[in-house]
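Source file: protein-v7.cif. Holds: mmCIF, C-alpha atoms.
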```cif
data_work
#
loop_
_atom_site.group_PDB
_atom_site.id
_atom_site.type_symbol
_atom_site.label_atom_id
_atom_site.label_comp_id
_atom_site.auth_asym_id
_atom_site.auth_seq_id
_atom_site.Cartn_x
_atom_site.Cartn_y
_atom_site.Cartn_z
ATOM 1 C CA MET A 15 1.447 5.689 -22.455
ATOM 2 C CA ALA A 16 0.679 6.939 -18.933
ATOM 3 C CA ALA A 17 3.138 6.404 -16.112
ATOM 4 C CA PRO A 18 2.362 3.460 -13.819
ATOM 5 C CA LEU A 19 0.518 4.251 -10.586
ATOM 6 C CA VAL A 20 3.431 2.873 -8.580
ATOM 7 C CA SER A 21 7.133 2.356 -9.026
ATOM 8 C CA ILE A 22 9.374 -0.453 -7.881
ATOM 9 C CA ASP A 23 12.808 -0.078 -6.319
ATOM 10 C CA THR A 24 14.644 -3.225 -7.363
ATOM 11 C CA ALA A 25 17.417 -2.472 -4.844
ATOM 12 C CA SER A 26 14.955 -2.448 -1.957
ATOM 13 C CA PRO A 27 14.783 -5.417 0.412
ATOM 14 C CA VAL A 28 10.981 -4.952 0.382
ATOM 15 C CA PRO A 29 9.393 -7.487 -1.985
ATOM 16 C CA ALA A 30 7.958 -6.026 -5.196
ATOM 17 C CA TYR A 31 4.393 -7.119 -4.402
ATOM 18 C CA ARG A 32 4.619 -5.322 -1.029
ATOM 19 C CA GLN A 33 5.895 -2.155 -2.769
ATOM 20 C CA ILE A 34 2.867 -2.311 -5.080
ATOM 21 C CA VAL A 35 0.476 -2.830 -2.150
ATOM 22 C CA ASP A 36 2.031 0.035 -0.185
ATOM 23 C CA GLY A 37 2.045 2.389 -3.178
ATOM 24 C CA LEU A 38 -1.539 1.678 -4.183
ATOM 25 C CA ARG A 39 -2.706 1.888 -0.569
ATOM 26 C CA ARG A 40 -1.213 5.397 -0.345
ATOM 27 C CA HIS A 41 -3.243 6.386 -3.422
ATOM 28 C CA LEU A 42 -6.365 4.833 -1.906
ATOM 29 C CA VAL A 43 -5.946 6.527 1.481
ATOM 30 C CA ASP A 44 -5.104 9.886 -0.139
ATOM 31 C CA GLY A 45 -8.188 9.664 -2.355
ATOM 32 C CA ARG A 46 -6.207 9.687 -5.612
ATOM 33 C CA LEU A 47 -7.946 6.383 -6.324
ATOM 34 C CA ALA A 48 -11.650 6.694 -5.606
ATOM 35 C CA PRO A 49 -14.488 4.188 -5.353
ATOM 36 C CA GLY A 50 -15.513 3.140 -8.845
ATOM 37 C CA ASP A 51 -12.046 3.626 -10.350
ATOM 38 C CA LEU A 52 -10.626 0.688 -12.286
ATOM 39 C CA LEU A 53 -6.991 -0.241 -11.763
ATOM 40 C CA PRO A 54 -4.920 -1.311 -14.745
ATOM 41 C CA PRO A 55 -5.277 -4.989 -15.609
ATOM 42 C CA VAL A 56 -2.784 -7.221 -13.812
ATOM 43 C CA ARG A 57 -0.884 -8.074 -16.985
ATOM 44 C CA GLN A 58 -0.667 -4.435 -18.089
ATOM 45 C CA LEU A 59 0.710 -3.209 -14.755
ATOM 46 C CA ALA A 60 3.137 -6.144 -14.725
ATOM 47 C CA LEU A 61 4.402 -5.145 -18.173
ATOM 48 C CA ASP A 62 4.660 -1.490 -17.149
ATOM 49 C CA LEU A 63 6.694 -2.403 -14.061
ATOM 50 C CA GLY A 64 8.732 -5.178 -15.676
ATOM 51 C CA LEU A 65 7.411 -7.799 -13.270
ATOM 52 C CA HIS A 66 5.780 -11.198 -13.532
ATOM 53 C CA PHE A 67 1.999 -10.934 -13.592
ATOM 54 C CA ASN A 68 1.728 -13.150 -10.496
ATOM 55 C CA THR A 69 3.553 -10.474 -8.495
ATOM 56 C CA VAL A 70 0.922 -7.874 -9.390
ATOM 57 C CA ALA A 71 -1.902 -10.392 -8.888
ATOM 58 C CA THR A 72 -0.604 -11.092 -5.367
ATOM 59 C CA ALA A 73 -0.629 -7.362 -4.602
ATOM 60 C CA TYR A 74 -4.175 -6.934 -5.931
ATOM 61 C CA ARG A 75 -5.361 -9.926 -3.866
ATOM 62 C CA ALA A 76 -3.812 -8.436 -0.722
ATOM 63 C CA LEU A 77 -5.684 -5.161 -1.294
ATOM 64 C CA ALA A 78 -8.888 -7.096 -1.990
ATOM 65 C CA GLU A 79 -8.462 -8.909 1.345
ATOM 66 C CA GLU A 80 -8.168 -5.494 3.041
ATOM 67 C CA GLY A 81 -11.472 -4.482 1.444
ATOM 68 C CA TRP A 82 -10.068 -1.941 -1.028
ATOM 69 C CA LEU A 83 -10.678 -3.827 -4.287
ATOM 70 C CA ASP A 84 -13.278 -6.010 -5.938
ATOM 71 C CA LEU A 85 -11.542 -8.446 -8.277
ATOM 72 C CA ARG A 86 -13.487 -9.913 -11.176
ATOM 73 C CA ARG A 87 -12.244 -11.889 -14.135
ATOM 74 C CA ARG A 88 -12.176 -9.948 -17.375
ATOM 75 C CA ARG A 89 -13.261 -6.760 -15.612
ATOM 76 C CA GLY A 90 -10.196 -6.054 -13.544
ATOM 77 C CA ALA A 91 -9.802 -4.494 -10.127
ATOM 78 C CA LEU A 92 -12.519 -2.078 -9.077
ATOM 79 C CA VAL A 93 -11.858 0.312 -6.174
ATOM 80 C CA LEU A 94 -14.479 -0.088 -3.452
ATOM 81 C CA ALA A 95 -15.801 2.400 -0.932
ATOM 82 C CA ARG A 96 -14.200 1.349 2.321
ATOM 83 C CA ASP A 97 -14.764 2.562 5.828
ATOM 84 C CA ALA A 98 -12.206 2.067 8.558
ATOM 85 C CA PRO A 99 -12.674 -1.221 10.388
ATOM 86 C CA ARG A 100 -14.871 -0.853 13.483
ATOM 87 C CA THR A 101 -12.630 -2.942 15.723
ATOM 88 C CA PRO A 102 -8.923 -3.104 15.038
ATOM 89 C CA ASP A 103 -7.313 -6.489 14.581
ATOM 90 C CA ARG A 104 -4.908 -6.395 17.531
ATOM 91 C CA SER A 105 -2.357 -8.791 16.041
ATOM 92 C CA ARG A 106 -2.303 -6.853 12.760
ATOM 93 C CA VAL A 107 -1.943 -3.549 14.625
ATOM 94 C CA GLU A 108 0.943 -4.972 16.674
ATOM 95 C CA GLN A 109 2.625 -6.205 13.493
ATOM 96 C CA LEU A 110 2.264 -2.775 11.867
ATOM 97 C CA LEU A 111 3.554 -0.977 14.944
ATOM 98 C CA GLN A 112 6.625 -3.207 14.896
ATOM 99 C CA ARG A 113 7.219 -2.241 11.244
ATOM 100 C CA LEU A 114 6.750 1.427 12.139
ATOM 101 C CA ASN A 115 9.192 1.057 15.011
ATOM 102 C CA ALA A 116 11.772 -0.448 12.668
ATOM 103 C CA LEU A 117 11.258 2.379 10.162
ATOM 104 C CA THR A 118 11.595 5.080 12.809
ATOM 105 C CA ALA A 119 14.831 3.447 14.006
ATOM 106 C CA GLU A 120 16.047 3.464 10.393
ATOM 107 C CA LEU A 121 15.244 7.170 10.061
ATOM 108 C CA TYR A 122 17.141 7.867 13.285
ATOM 109 C CA THR A 123 20.088 5.806 12.024
ATOM 110 C CA ALA A 124 19.996 7.731 8.716
ATOM 111 C CA GLY A 125 20.680 10.953 10.613
ATOM 112 C CA LEU A 126 17.322 12.396 11.603
ATOM 113 C CA SER A 127 16.935 13.541 15.177
ATOM 114 C CA ARG A 128 14.196 12.078 17.334
ATOM 115 C CA ARG A 129 12.377 15.399 17.058
ATOM 116 C CA GLN A 130 12.578 15.306 13.246
ATOM 117 C CA VAL A 131 11.291 11.710 13.184
ATOM 118 C CA ALA A 132 8.399 12.676 15.480
ATOM 119 C CA ALA A 133 7.556 15.705 13.306
ATOM 120 C CA ALA A 134 7.588 13.559 10.159
ATOM 121 C CA LEU A 135 5.262 11.012 11.797
ATOM 122 C CA ARG A 136 2.858 13.794 12.832
ATOM 123 C CA ARG A 137 2.807 15.168 9.251
ATOM 124 C CA LEU A 138 2.115 11.696 7.878
ATOM 125 C CA ALA A 139 -0.665 11.076 10.404
ATOM 126 C CA GLN A 140 -2.300 14.407 9.562
ATOM 127 C CA GLY A 141 -2.247 13.425 5.890
ATOM 128 C CA VAL A 142 -4.501 10.416 6.511
ATOM 129 C CA GLU A 143 -7.051 12.148 8.745
ATOM 130 C CA PRO A 144 -10.461 12.568 7.077
#
```

Now that the file is in, can you turn its structure into structure tokens?
Amino acid sequence: MAAPLVSIDTASPVPAYRQIVDGLRRHLVDGRLAPGDLLPPVRQLALDLGLHFNTVATAYRALAEEGWLDLRRRRGALVLARDAPRTPDRSRVEQLLQRLNALTAELYTAGLSRRQVAAALRRLAQGVEP
């Protein structure tokens, strides 16, 4: 049996469905999941992760709403070709920047200097450039 595409940290305050969304999105952005790839069926990934199938279904629906997946009954989740949105959704961007701000504060609190946090953010940003 192959390892699941994502892993769940049960001690994390981040909900399991959000961990799945974030993990799969990283694979999608990095190109490890390409257009035409099929994701594991909801029930299979749920079994692999030890979660209720509704948790995985919620994650798949969230990625479908972002334009990453095409969900069809009995066929599963198909990865779609997706271009970046032409005009950013300002409220969504603001929400994400607030999350990023909270994460950078957490990194600083965990002992990283501001310079180290900035360097890590630059490395991450370079990783998503086409």

Excluding stretch 60-69 of chain A and residues on its chain fewer than 5 positions from it, collect all residues at most 9 Å away from it, counting all atoms listed in the file, and give them as an MDAnalysis selection string.
-> chainID A and resid 17:18 20:22 30:31 34 55 74

Pick from A:Leu19, A:Leu42, A:Leu111, A:Leu121, whichever lies nearest to A:Gly81 using only C-alpha atoms =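 So, comparing all the options, the nearest one is A:Leu42.
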
Expressed in Å to a single decimal, how great is the separation between atom CA of A:Trp82 and atom CA of A:Ala132?
->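 It comes out at 28.8 Å.
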
Suppose you want the space between atom CA of A:Leu114 and atom CA of A:Glu80; what is it in Å?
->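 Going from atom CA of A:Leu114 over to atom CA of A:Glu80, I get 18.8 Å.
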
How many Å separate atom CA of A:Val35 from atom CA of A:Ala73?
->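 If I compute the distance from atom CA of A:Val35 to atom CA of A:Ala73, I get 5.3 Å.
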